[in-house]
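Pasted below: input.txt, compact mmCIF, C-alpha atoms.
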```
# COMPACT_ATOMS: atom_id res chain seq x y z
CA MET V 1 127.50 116.99 147.28
CA GLY V 2 128.22 120.06 145.17
CA GLY V 3 131.03 122.57 145.03
CA ASP V 4 134.07 123.33 142.89
CA PHE V 5 136.15 120.62 144.59
CA ALA V 6 133.44 118.00 145.08
CA PRO V 7 133.36 115.22 145.89
CA LYS V 8 136.95 114.75 147.08
CA GLU V 9 137.26 117.79 149.34
CA ILE V 10 133.70 117.46 150.61
CA ILE V 11 134.22 113.84 151.65
CA ALA V 12 137.61 114.66 153.18
CA GLY V 13 136.02 117.49 155.19
CA ALA V 14 133.21 115.22 156.34
CA ARG V 15 135.71 112.56 157.38
CA ALA V 16 137.68 115.18 159.33
CA ALA V 17 134.50 116.32 161.06
CA VAL V 18 133.86 112.75 162.18
CA ASP V 19 137.45 112.09 163.26
CA GLU V 20 138.37 115.44 164.78
CA LEU V 21 135.02 116.78 166.01
CA GLY V 22 133.20 113.57 166.81
CA LEU V 23 130.26 114.44 164.59
CA SER V 24 128.04 111.97 162.80
CA VAL V 25 127.86 112.76 159.07
CA ILE V 26 125.73 111.30 156.27
CA LEU V 27 126.93 111.87 152.72
CA VAL V 28 124.02 112.43 150.34
CA GLY V 29 124.87 111.86 146.69
CA VAL V 30 124.99 109.64 143.64
CA PRO V 31 127.20 106.68 144.67
CA GLU V 32 128.85 106.40 141.24
CA LEU V 33 129.91 110.03 141.44
CA LEU V 34 131.06 109.97 145.06
CA GLY V 35 134.00 107.64 144.69
CA ASP V 36 135.46 106.39 147.96
CA PRO V 37 133.24 107.62 150.82
CA LEU V 38 136.11 107.02 153.28
CA GLY V 39 133.92 104.78 155.42
CA LEU V 40 131.14 107.35 155.87
CA GLU V 41 127.44 106.51 155.69
CA VAL V 42 126.00 107.26 152.25
CA PHE V 43 122.39 108.14 151.51
CA ALA V 44 122.09 107.26 147.84
CA CYS V 45 120.19 109.37 145.36
CA SER V 46 120.11 109.44 141.57
CA GLU V 47 120.20 113.09 140.55
CA VAL V 48 122.35 116.18 140.91
CA ILE V 49 121.28 119.82 140.72
CA ALA V 50 123.99 121.54 138.70
CA MET V 51 125.41 124.95 139.52
CA ASP V 52 123.64 126.47 136.50
CA ASP V 53 120.26 124.79 137.05
CA ASP V 54 117.32 127.05 137.80
CA PRO V 55 117.00 126.89 141.61
CA ALA V 56 113.26 126.69 142.11
CA ALA V 57 112.42 124.67 139.02
CA SER V 58 115.18 122.14 139.62
CA VAL V 59 113.84 121.28 143.06
CA ARG V 60 110.52 120.36 141.39
CA LYS V 61 112.11 118.48 138.54
CA LYS V 62 114.91 116.68 140.39
CA LYS V 63 113.10 115.21 143.35
CA ASP V 64 115.79 112.56 143.86
CA SER V 65 118.67 115.03 143.88
CA SER V 66 121.17 115.20 146.70
CA LEU V 67 120.00 118.67 147.78
CA VAL V 68 116.34 117.72 147.94
CA ARG V 69 117.08 114.45 149.73
CA ALA V 70 119.38 116.16 152.25
CA ALA V 71 116.65 118.67 153.09
CA GLU V 72 114.19 115.80 153.50
CA LEU V 73 116.53 114.06 155.94
CA VAL V 74 116.36 117.17 158.11
CA ARG V 75 112.60 117.49 157.66
CA ASP V 76 112.12 113.85 158.66
CA GLY V 77 114.34 114.16 161.74
CA LYS V 78 117.02 111.84 160.38
CA ALA V 79 119.62 114.62 160.35
CA CYS V 80 119.84 117.72 162.52
CA ALA V 81 121.21 119.94 159.74
CA MET V 82 122.22 120.05 156.10
CA VAL V 83 125.41 121.51 154.67
CA SER V 84 126.00 122.21 150.99
CA ALA V 85 128.65 123.87 148.85
CA GLY V 86 126.53 123.46 145.73
CA ASN V 87 124.09 125.72 143.90
CA THR V 88 123.19 128.36 146.52
CA GLY V 89 119.76 129.15 145.09
CA ALA V 90 118.84 125.49 144.82
CA THR V 91 120.10 124.84 148.36
CA MET V 92 117.83 127.56 149.62
CA ALA V 93 114.92 126.35 147.49
CA SER V 94 115.37 122.75 148.66
CA ALA V 95 115.55 123.77 152.29
CA LEU V 96 112.57 126.11 151.99
CA LEU V 97 110.34 123.71 150.09
CA ARG V 98 111.19 120.61 152.10
CA MET V 99 111.78 121.92 155.63
CA GLY V 100 109.27 124.79 155.38
CA ARG V 101 109.33 128.26 156.87
CA LEU V 102 108.97 129.04 160.52
CA PRO V 103 105.47 130.35 161.29
CA GLY V 104 105.29 134.06 160.54
CA VAL V 105 108.47 134.22 158.48
CA VAL V 106 107.80 135.88 155.12
CA ARG V 107 111.09 134.84 153.49
CA PRO V 108 114.17 133.10 154.85
CA CYS V 109 117.41 135.04 154.57
CA ILE V 110 121.11 134.29 154.30
CA ALA V 111 123.16 135.33 157.33
CA THR V 112 126.89 135.53 156.61
CA PRO V 113 129.42 135.99 159.42
CA ILE V 114 132.05 138.57 158.53
CA PRO V 115 135.33 138.22 160.47
CA ASN V 116 135.86 140.98 162.99
CA PRO V 117 139.38 140.37 164.38
CA GLY V 118 139.43 140.46 168.16
CA HIS V 119 135.64 140.30 168.38
CA THR V 120 132.81 137.96 167.53
CA PRO V 121 131.96 138.07 163.80
CA MET V 122 129.56 140.65 162.45
CA VAL V 123 126.60 139.00 160.73
CA LEU V 124 125.51 140.43 157.39
CA VAL V 125 121.89 139.70 156.53
CA ASP V 126 120.51 139.24 153.83
CA ALA V 127 123.62 138.21 151.92
CA GLY V 128 121.79 137.19 148.77
CA ALA V 129 118.57 135.23 149.22
CA ASN V 130 116.09 138.01 148.43
CA SER V 131 116.97 140.60 145.81
CA GLU V 132 113.76 142.52 146.36
CA CYS V 133 112.58 143.14 149.90
CA THR V 134 109.91 145.01 151.78
CA ALA V 135 110.57 146.91 155.00
CA GLU V 136 108.71 144.22 156.92
CA MET V 137 111.07 141.60 155.53
CA LEU V 138 114.13 143.61 156.57
CA VAL V 139 112.71 143.97 160.08
CA GLN V 140 112.30 140.20 160.27
CA PHE V 141 115.85 139.70 159.01
CA ALA V 142 117.08 142.03 161.75
CA LEU V 143 115.14 140.17 164.39
CA MET V 144 116.30 136.75 163.20
CA ALA V 145 119.94 137.78 162.84
CA SER V 146 119.93 139.38 166.28
CA THR V 147 118.48 136.20 167.77
CA PHE V 148 121.03 134.14 165.88
CA VAL V 149 123.98 136.22 167.12
CA LYS V 150 122.71 136.01 170.67
CA ALA V 151 122.36 132.22 170.50
CA ARG V 152 125.46 131.49 168.44
CA TYR V 153 127.99 133.96 169.85
CA ASN V 154 126.51 134.64 173.30
CA VAL V 155 126.23 138.36 172.66
CA GLU V 156 123.74 139.60 175.23
CA ARG V 157 122.27 142.56 173.31
CA PRO V 158 123.48 142.42 169.71
CA ARG V 159 123.84 145.87 168.17
CA VAL V 160 121.92 146.05 164.91
CA GLY V 161 122.78 148.50 162.12
CA LEU V 162 120.94 149.23 158.87
CA LEU V 163 123.14 149.55 155.78
CA SER V 164 122.67 152.91 154.10
CA ILE V 165 124.58 155.76 152.49
CA GLY V 166 124.71 157.90 155.60
CA GLU V 167 124.19 157.66 159.33
CA GLU V 168 121.25 160.05 159.35
CA SER V 169 117.78 158.49 159.32
CA THR V 170 116.87 160.73 156.40
CA LYS V 171 119.51 159.13 154.16
CA GLY V 172 118.87 156.22 151.82
CA THR V 173 116.20 154.77 149.58
CA PRO V 174 112.51 154.85 150.56
CA LEU V 175 112.94 151.20 151.64
CA VAL V 176 115.84 152.07 153.94
CA LYS V 177 114.04 155.07 155.44
CA GLU V 178 110.86 153.07 156.08
CA THR V 179 112.86 150.20 157.58
CA HIS V 180 114.75 152.63 159.82
CA GLN V 181 111.50 153.86 161.33
CA LEU V 182 110.15 150.35 161.83
CA LEU V 183 113.37 149.19 163.49
CA LEU V 184 113.32 152.20 165.82
CA ALA V 185 109.81 151.28 166.90
CA LEU V 186 110.60 147.60 167.48
CA GLU V 187 110.82 146.80 171.17
CA GLY V 188 113.53 144.44 172.33
CA LEU V 189 115.83 145.05 169.36
CA ASN V 190 119.05 146.96 170.00
CA PHE V 191 118.88 149.05 166.83
CA VAL V 192 121.72 151.57 166.80
CA GLY V 193 120.90 153.30 163.50
CA ASN V 194 122.36 153.37 160.03
CA VAL V 195 125.83 152.12 159.16
CA GLU V 196 127.75 152.66 155.95
CA GLY V 197 129.75 150.35 153.69
CA ARG V 198 132.97 151.41 155.37
CA ASP V 199 131.59 150.07 158.66
CA LEU V 200 131.54 146.46 157.48
CA VAL V 201 135.15 145.94 158.60
CA PRO V 202 135.84 146.50 161.38
CA ALA V 203 132.17 146.55 162.28
CA PRO V 204 130.90 148.71 165.14
CA VAL V 205 127.79 146.52 165.28
CA ASP V 206 126.99 142.81 165.58
CA VAL V 207 124.41 142.69 162.79
CA VAL V 208 124.15 144.64 159.53
CA VAL V 209 120.78 144.45 157.80
CA THR V 210 120.16 145.06 154.12
CA ASP V 211 118.32 143.60 151.15
CA GLY V 212 119.78 140.53 149.43
CA PHE V 213 120.94 142.38 146.34
CA THR V 214 122.89 145.03 148.24
CA GLY V 215 124.10 142.48 150.76
CA ASN V 216 125.52 140.20 148.10
CA VAL V 217 127.25 143.07 146.32
CA ALA V 218 128.70 144.26 149.63
CA LEU V 219 129.87 140.76 150.54
CA LYS V 220 131.56 140.09 147.20
CA THR V 221 133.16 143.54 147.20
CA LEU V 222 134.56 142.84 150.63
CA GLU V 223 135.88 139.41 149.61
CA GLY V 224 137.51 140.85 146.51
CA ALA V 225 139.06 143.74 148.41
CA LEU V 226 140.49 141.44 151.09
CA LYS V 227 142.01 139.14 148.46
CA PHE V 228 143.51 142.13 146.69
CA ILE V 229 145.01 143.54 149.88
CA PHE V 230 146.53 140.18 150.83
CA ALA V 231 148.01 139.74 147.36
CA THR V 232 149.38 143.28 147.39
CA VAL V 233 151.02 142.88 150.79
CA LEU V 234 152.54 139.53 149.81
CA SER V 235 153.81 141.00 146.56
CA ALA V 236 155.39 143.97 148.38
CA LEU V 237 157.09 141.61 150.86
CA ASP V 238 158.56 139.67 147.95
CA THR V 239 160.19 142.71 146.35
CA ASN V 240 163.84 142.11 147.36
CA ASP V 241 166.01 140.40 149.96
CA GLU V 242 165.40 143.14 152.49
CA THR V 243 161.60 142.97 152.22
CA ARG V 244 161.71 139.16 152.21
CA ALA V 245 163.64 139.27 155.48
CA ALA V 246 161.03 141.64 156.87
CA GLY V 247 158.39 139.21 155.66
CA ASP V 248 159.98 136.37 157.59
CA VAL V 249 159.52 138.41 160.76
CA LEU V 250 156.02 139.66 159.90
CA PHE V 251 154.57 136.32 158.80
CA GLU V 252 154.36 135.16 162.40
CA TYR V 253 151.92 138.02 163.03
CA LEU V 254 150.21 138.10 159.65
CA LEU V 255 149.34 134.41 159.35
CA PRO V 256 146.99 134.25 162.37
CA LEU V 257 145.25 137.35 161.07
CA ALA V 258 144.93 135.81 157.62
CA ALA V 259 143.56 132.63 159.19
CA GLU V 260 140.94 134.66 161.03
CA LEU V 261 139.91 136.48 157.87
CA THR V 262 139.89 133.53 155.49
CA PRO V 263 136.41 132.28 154.48
CA GLU V 264 137.41 128.60 154.95
CA ASN V 265 137.50 129.11 158.70
CA GLN V 266 134.11 130.83 158.97
CA GLY V 267 132.01 127.75 158.24
CA GLY V 268 129.73 129.30 155.65
CA ALA V 269 126.47 131.18 155.72
CA MET V 270 123.29 130.21 157.52
CA LEU V 271 119.75 130.19 156.21
CA LEU V 272 117.56 131.75 158.87
CA GLY V 273 113.80 131.35 159.08
CA LEU V 274 113.38 127.67 158.29
CA GLU V 275 112.10 124.68 160.25
CA GLY V 276 115.60 123.26 160.23
CA ILE V 277 119.27 124.13 159.95
CA CYS V 278 120.91 124.74 156.60
CA VAL V 279 124.49 125.91 156.21
CA ILE V 280 125.62 127.13 152.80
CA SER V 281 129.34 126.78 152.20
CA HIS V 282 131.33 128.70 149.65
CA GLY V 283 131.40 127.02 146.23
CA SER V 284 135.19 126.87 146.46
CA SER V 285 135.11 125.10 149.84
CA ASN V 286 138.01 122.80 150.62
CA ALA V 287 138.04 120.06 153.26
CA THR V 288 138.76 122.57 156.05
CA ALA V 289 135.83 124.74 155.03
CA ILE V 290 133.49 121.74 154.96
CA LYS V 291 134.69 120.53 158.35
CA ASN V 292 134.05 123.99 159.78
CA ALA V 293 130.65 124.20 158.11
CA LEU V 294 129.68 120.90 159.71
CA ARG V 295 130.96 122.17 163.06
CA VAL V 296 128.86 125.32 162.74
CA ALA V 297 125.79 123.29 161.76
CA SER V 298 126.26 121.10 164.81
CA GLU V 299 126.78 124.08 167.09
CA MET V 300 123.61 125.70 165.75
CA ASP V 301 121.72 122.55 166.64
CA THR V 302 123.24 122.46 170.11
CA ALA V 303 122.39 126.15 170.61
CA ASN V 304 118.78 125.39 169.66
CA VAL V 305 118.80 128.22 167.16
CA VAL V 306 115.66 127.16 165.27
CA ALA V 307 113.52 127.11 168.43
CA LYS V 308 114.89 130.51 169.45
CA LEU V 309 114.12 131.97 166.02
CA ARG V 310 110.59 130.56 166.22
CA LEU V 311 110.06 132.28 169.53
CA ALA V 312 111.56 135.56 168.29
CA ILE V 313 109.19 135.73 165.32
CA ARG V 314 106.09 134.61 167.19
CA PRO V 315 106.71 135.32 170.90
CA ASP V 316 103.02 134.77 171.63
CA GLN V 317 103.06 131.22 170.22
CA PRO V 318 105.96 129.35 171.84
CA MET I 319 95.03 109.01 153.46
CA ALA I 320 91.73 110.92 153.36
CA ASP I 321 89.04 109.76 150.97
CA ALA I 322 89.00 111.55 147.63
CA VAL I 323 86.32 114.22 147.22
CA HIS I 324 84.77 114.45 143.78
CA PRO I 325 85.72 117.60 141.83
CA SER I 326 81.99 118.27 141.33
CA SER I 327 81.96 119.49 144.93
CA LEU I 328 84.23 122.32 143.79
CA ASP I 329 83.17 125.44 141.98
CA ARG I 330 85.21 128.37 140.75
CA ALA I 331 84.59 130.34 143.95
CA ALA I 332 85.87 127.45 146.03
CA ILE I 333 89.01 127.22 143.90
CA LEU I 334 89.55 130.97 144.31
CA GLY I 335 89.23 130.49 148.06
CA ILE I 336 91.81 127.70 148.06
CA VAL I 337 94.27 129.72 145.96
CA ARG I 338 93.80 132.80 148.17
CA ASP I 339 94.23 130.83 151.39
CA GLN I 340 97.38 129.10 150.22
CA LEU I 341 98.91 132.27 148.82
CA ALA I 342 98.01 134.21 151.95
CA GLU I 343 99.80 131.65 154.08
CA ILE I 344 102.89 131.71 151.88
CA LEU I 345 103.09 135.49 151.71
CA GLU I 346 102.06 136.03 155.34
CA LYS I 347 99.14 138.17 154.24
CA SER I 348 95.44 138.19 155.02
CA PRO I 349 93.35 136.32 152.40
CA ASP I 350 91.42 139.58 152.00
CA GLU I 351 94.55 141.15 150.54
CA ILE I 352 94.71 138.55 147.79
CA LYS I 353 92.50 140.02 145.07
CA GLU I 354 91.69 137.95 142.01
CA ASP I 355 92.92 140.47 139.46
CA VAL I 356 96.26 141.14 141.13
CA SER I 357 99.47 139.86 139.55
CA PHE I 358 101.81 137.66 141.55
CA THR I 359 104.52 140.27 141.09
CA ASP I 360 102.37 142.97 142.68
CA LEU I 361 101.67 140.63 145.59
CA GLY I 362 105.41 140.29 146.13
CA ALA I 363 105.51 136.62 145.14
CA ASP I 364 108.89 135.67 143.71
CA SER I 365 109.73 132.46 141.83
CA LEU I 366 110.24 130.53 145.06
CA ALA I 367 106.91 131.68 146.44
CA LEU I 368 105.22 130.51 143.25
CA ILE I 369 106.81 127.09 143.54
CA GLU I 370 105.59 127.00 147.15
CA LEU I 371 102.12 127.85 145.85
CA VAL I 372 102.25 125.14 143.20
CA GLU I 373 103.25 122.50 145.74
CA ALA I 374 100.61 123.71 148.21
CA LEU I 375 97.90 123.63 145.54
CA GLU I 376 98.91 120.14 144.43
CA GLU I 377 98.54 118.96 148.01
CA ALA I 378 95.29 120.81 148.70
CA LEU I 379 93.66 119.79 145.42
CA GLY I 380 94.92 116.23 145.57
CA LYS I 381 91.87 115.30 147.63
CA TYR I 382 89.59 116.35 144.76
CA SER I 383 91.68 114.78 142.03
CA ALA I 384 94.20 112.15 143.05
CA GLY I 385 97.68 113.03 141.84
CA PHE I 386 96.63 116.55 140.84
CA HIS I 387 99.69 118.02 139.17
CA ILE I 388 100.65 121.40 137.77
CA ASP I 389 103.00 121.04 134.82
CA ASP I 390 106.20 123.02 135.16
CA GLU I 391 105.86 124.07 131.53
CA ASP I 392 102.58 125.79 132.38
CA LEU I 393 104.04 127.94 135.15
CA GLU I 394 105.20 130.68 132.79
CA GLY I 395 101.60 131.38 131.85
CA LEU I 396 100.46 131.82 135.44
CA LEU I 397 100.97 135.50 136.18
CA SER I 398 98.06 136.34 138.44
CA VAL I 399 95.63 134.88 140.95
CA ARG I 400 93.02 134.74 138.17
CA ASP I 401 95.41 132.80 135.92
CA ALA I 402 95.95 130.25 138.66
CA VAL I 403 92.23 129.87 139.36
CA ASN I 404 91.42 129.50 135.64
CA TYR I 405 94.21 126.96 135.23
CA VAL I 406 93.00 124.82 138.13
CA ALA I 407 89.37 125.11 137.01
CA ASP I 408 90.32 123.96 133.50
CA LYS I 409 92.37 121.07 134.82
CA LEU I 410 89.56 119.89 137.09
CA GLN I 411 86.94 120.70 134.47
CA VAL I 412 85.12 122.96 136.86
CA THR I 413 82.93 125.68 135.39
```
Target encoding C-alpha cells, full file:
Amino acid sequence: MGGDFAPKEIIAGARAAVDELGLSVILVGVPELLGDPLGLEVFACSEVIAMDDDPAASVRKKKDSSLVRAAELVRDGKACAMVSAGNTGATMASALLRMGRLPGVVRPCIATPIPNPGHTPMVLVDAGANSECTAEMLVQFALMASTFVKARYNVERPRVGLLSIGEESTKGTPLVKETHQLLLALEGLNFVGNVEGRDLVPAPVDVVVTDGFTGNVALKTLEGALKFIFATVLSALDTNDETRAAGDVLFEYLLPLAAELTPENQGGAMLLGLEGICVISHGSSNATAIKNALRVASEMDTANVVAKLRLAIRPDQP
Amino acid sequence: MADAVHPSSLDRAAILGIVRDQLAEILEKSPDEIKEDVSFTDLGADSLALIELVEALEEALGKYSAGFHIDDEDLEGLLSVRDAVNYVADKLQVT
C-alpha cells in the first residue's frame, strides 16, 4: 500500500479494477492508515516498509508489513499476484524471500515494457534489480524476457538485442562481449546482436538485455527525455494565437500518442524469475496506473507466465 | 514438525557443509565452488542473497536448536563463508 499518492489513489485504482475489469482485489495494509477501503476486502497488517527503509533488512525486521504479507498471500495461493507502488527494492526482496526463486534462476530481474507506438512494447531487462551481473545472469534475463514477451504479447520469436556501445560484437565491456558470445551460442533464442541506446525508441527488437545499473540509467534517461520533449512541444504550441490554433488541430493526433507513451498506461514493471507474479508500479502511480497494473498482473496469471518461465529455465524438468 | 536434534550431533565440518549447501543453492553453484576462505562478495552474493542465506540457515539449523536466530545486527560482521560457520558454531556452542 505504498506510493506517492497512497492510499487514496491506490484504493481508487483497485476499486476501478474491480468495477471495470471484474477483478478480485485484496488490499493489504494497516487499517488505520487505509481510510475508506471503498468496500474492498482488506487484509490487515501492522507495519509499513517506508520508501527509505533498507530493502533486504526491512523484510526481516518488518514481518507484518504490507509488502511481506502481500507476498505471503501469493506464496500461500490466496492471491494470484501482488502489485505494489512502494519501495521497489523492498518489493523485490519481499517477493524473492517469500515466494522464492524459480529453480535454476540465479537472480530475478525487473522487466519494464517500453512503449513502441504501432507495435507491441519493447521489454527492457534488467531495469534495476541487479546492479552487478555476470554473463550467465544476463543470458537468463534474456531467456526469461523472451519467454515473457512471447506469453504476454504473443510474439512468436521475440528478437533479443544486447545493449552496448556499438553493433559489432567486439564493442563493449568484457561483460557485454562475453554475454554476446553466450547469447549467440544459445539455441532457441532469437538473438539479433547488439543494440545501442538510440535503439530503445523506436526499438528494432522486442527485448533489450543489460545489467540492472545500465538498465535503470537508460530507463530514467528515457523517461526524462520524453517528459522534456512533451513539455517543449506543449510550450511551443502555447507561444501565440497562431500556434495555439495549430495546437487545437494537432491535439487530436498528439493525445493518443501521449496516452500510448505515458507510464500510467503501461501497468508497471514485472519481476521475472519468481514462484509467483509481482508487478512493480511507478512510485507516482495514480488510480489509472494501479488499475492497469492490476490488469497486467491478472493477464500474466491468465497467460501462465510463471509456468512458462519455469520451463524456459529448466526445460528438462517441467 | 520434526523432532529437534541435539546440537551435539553437529560439528564444525557439518556446519560448513550446511552453509555450503545452502549458499550453493542460493547462488546456483556447485557446493564444491563454495570454499571456506572465500568472501561472499567474491562468490557474487549480494545483500539479498545474504538475507536468503540467513533465512535458509535459520530454517536448516532450527532442527538442532529450536528458534535458531541470526541477529540482524550481527550480519555486518559476516563477510565470508568462514565467518558464517564460526558464527553458527559459536551460537550453537559447537567446537
May I have a table of the residues of chain V lying at most 8 Å from chain I, giving each one's closest pair of atoms and their distance in Å to one decimal, counting all atoms listed in the file, ordered by chain and ascending residue number, as CSV?
```
residue,atom,partner,partner_atom,distance
V:Ala56,CA,I:Leu366,CA,5.7
V:Ala57,CA,I:Asp390,CA,7.5
V:Arg60,CA,I:Ile369,CA,8.0
V:Ala93,CA,I:Leu366,CA,6.7
V:Leu97,CA,I:Glu370,CA,6.5
V:Gly104,CA,I:Glu346,CA,6.4
V:Val105,CA,I:Glu346,CA,7.4
V:Val106,CA,I:Glu346,CA,5.7
```
| request: Fewer than 2 positions away in the same chain doesn't count, so skip those; otherwise give me all residues within 10 Å of Ile336 of chain I, counting all atoms listed in the file, as a ChimeraX atom specification. | output: /I:330-334,338-342,349,374-375,378-379,403
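Distance annotation: of V:Leu311, V:Ile280, V:Cys45, V:Met137, the residue with the minimal separation from Glu72 of chain V is V:Cys45; atom set is all atoms listed in the file.
Take atom CA of Gln140 of chain V and atom CA of Ser84 of chain V: the distance between them is 24.4 Å.
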Using only the atoms of segment 372-384 of chain I listed in the file, plus 5 Å on each side, state the axis-aligned box centre and edge lengths in Å rounded to one decimal, as lines of an AutoDock Vina configuration file.
```
center_x = 96.4
center_y = 118.6
center_z = 145.4
size_x = 23.7
size_y = 23.0
size_z = 16.7
```
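Between atom CA of Leu67 of chain V and atom CA of Arg98 of chain V the separation is 10.0 Å.
Taking atom CA of Asn130 of chain V as the reference point, atom CA of Asp211 of chain V is found at 6.6 Å.
You can rank V:Asp36, V:Leu183, V:Val296, V:Val149 by their closest distance to Lys308 of chain V using all atoms listed in the file, and at the top of that list sits V:Val149.
Closest to Gly86 of chain V among V:Phe148, V:Tyr153, V:Phe5, V:Phe141 is V:Phe5, based on all atoms listed in the file.
The shortest atom-to-atom distance to Val201 of chain V, with all atoms listed in the file taken into account, belongs to V:His119 out of V:His119, V:Leu175, V:Leu294, V:Ala259.
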| said: Show me, as an MDAnalysis selection string, the residues that have an atom within 12 Å of Gly193 of chain V when counting only C-alpha atoms, minus same-chain residues fewer than 6 positions from it. | reply: chainID V and resid 159:171 176:177 179:185 204:205 207:209
Would you output that residue set with C-alpha atoms, as a PDB file, keeping the file's coordinate frame?
```pdb
ATOM      1  CA  ARG V 159     123.840 145.870 168.170  1.00  0.00           C
ATOM      2  CA  VAL V 160     121.920 146.050 164.910  1.00  0.00           C
ATOM      3  CA  GLY V 161     122.780 148.500 162.120  1.00  0.00           C
ATOM      4  CA  LEU V 162     120.940 149.230 158.870  1.00  0.00           C
ATOM      5  CA  LEU V 163     123.140 149.550 155.780  1.00  0.00           C
ATOM      6  CA  SER V 164     122.670 152.910 154.100  1.00  0.00           C
ATOM      7  CA  ILE V 165     124.580 155.760 152.490  1.00  0.00           C
ATOM      8  CA  GLY V 166     124.710 157.900 155.600  1.00  0.00           C
ATOM      9  CA  GLU V 167     124.190 157.660 159.330  1.00  0.00           C
ATOM     10  CA  GLU V 168     121.250 160.050 159.350  1.00  0.00           C
ATOM     11  CA  SER V 169     117.780 158.490 159.320  1.00  0.00           C
ATOM     12  CA  THR V 170     116.870 160.730 156.400  1.00  0.00           C
ATOM     13  CA  LYS V 171     119.510 159.130 154.160  1.00  0.00           C
ATOM     14  CA  VAL V 176     115.840 152.070 153.940  1.00  0.00           C
ATOM     15  CA  LYS V 177     114.040 155.070 155.440  1.00  0.00           C
ATOM     16  CA  THR V 179     112.860 150.200 157.580  1.00  0.00           C
ATOM     17  CA  HIS V 180     114.750 152.630 159.820  1.00  0.00           C
ATOM     18  CA  GLN V 181     111.500 153.860 161.330  1.00  0.00           C
ATOM     19  CA  LEU V 182     110.150 150.350 161.830  1.00  0.00           C
ATOM     20  CA  LEU V 183     113.370 149.190 163.490  1.00  0.00           C
ATOM     21  CA  LEU V 184     113.320 152.200 165.820  1.00  0.00           C
ATOM     22  CA  ALA V 185     109.810 151.280 166.900  1.00  0.00           C
ATOM     23  CA  PRO V 204     130.900 148.710 165.140  1.00  0.00           C
ATOM     24  CA  VAL V 205     127.790 146.520 165.280  1.00  0.00           C
ATOM     25  CA  VAL V 207     124.410 142.690 162.790  1.00  0.00           C
ATOM     26  CA  VAL V 208     124.150 144.640 159.530  1.00  0.00           C
ATOM     27  CA  VAL V 209     120.780 144.450 157.800  1.00  0.00           C
TER      28      VAL V 209
END
```
| task | Do a neighbour search on segment 260-272 of chain V at 8 Å with only C-alpha atoms, toss out local chain neighbours closer than 2 positions, and write the hits as a PyMOL selection string. | result | chain V and resi 92+108-113+115-117+144-145+256-258+274+277-282+285-286+288-296+309
| task | With only C-alpha atoms counted, which protein, DNA or RNA residues have an atom no more than 7 Å from (100.2, 138.3, 139.9) in the file frame? Please answer as a list in words. | result | Val356, Ser357, Phe358, Thr359, Asp360, Leu361, Leu397, Ser398 and Val399 of chain I
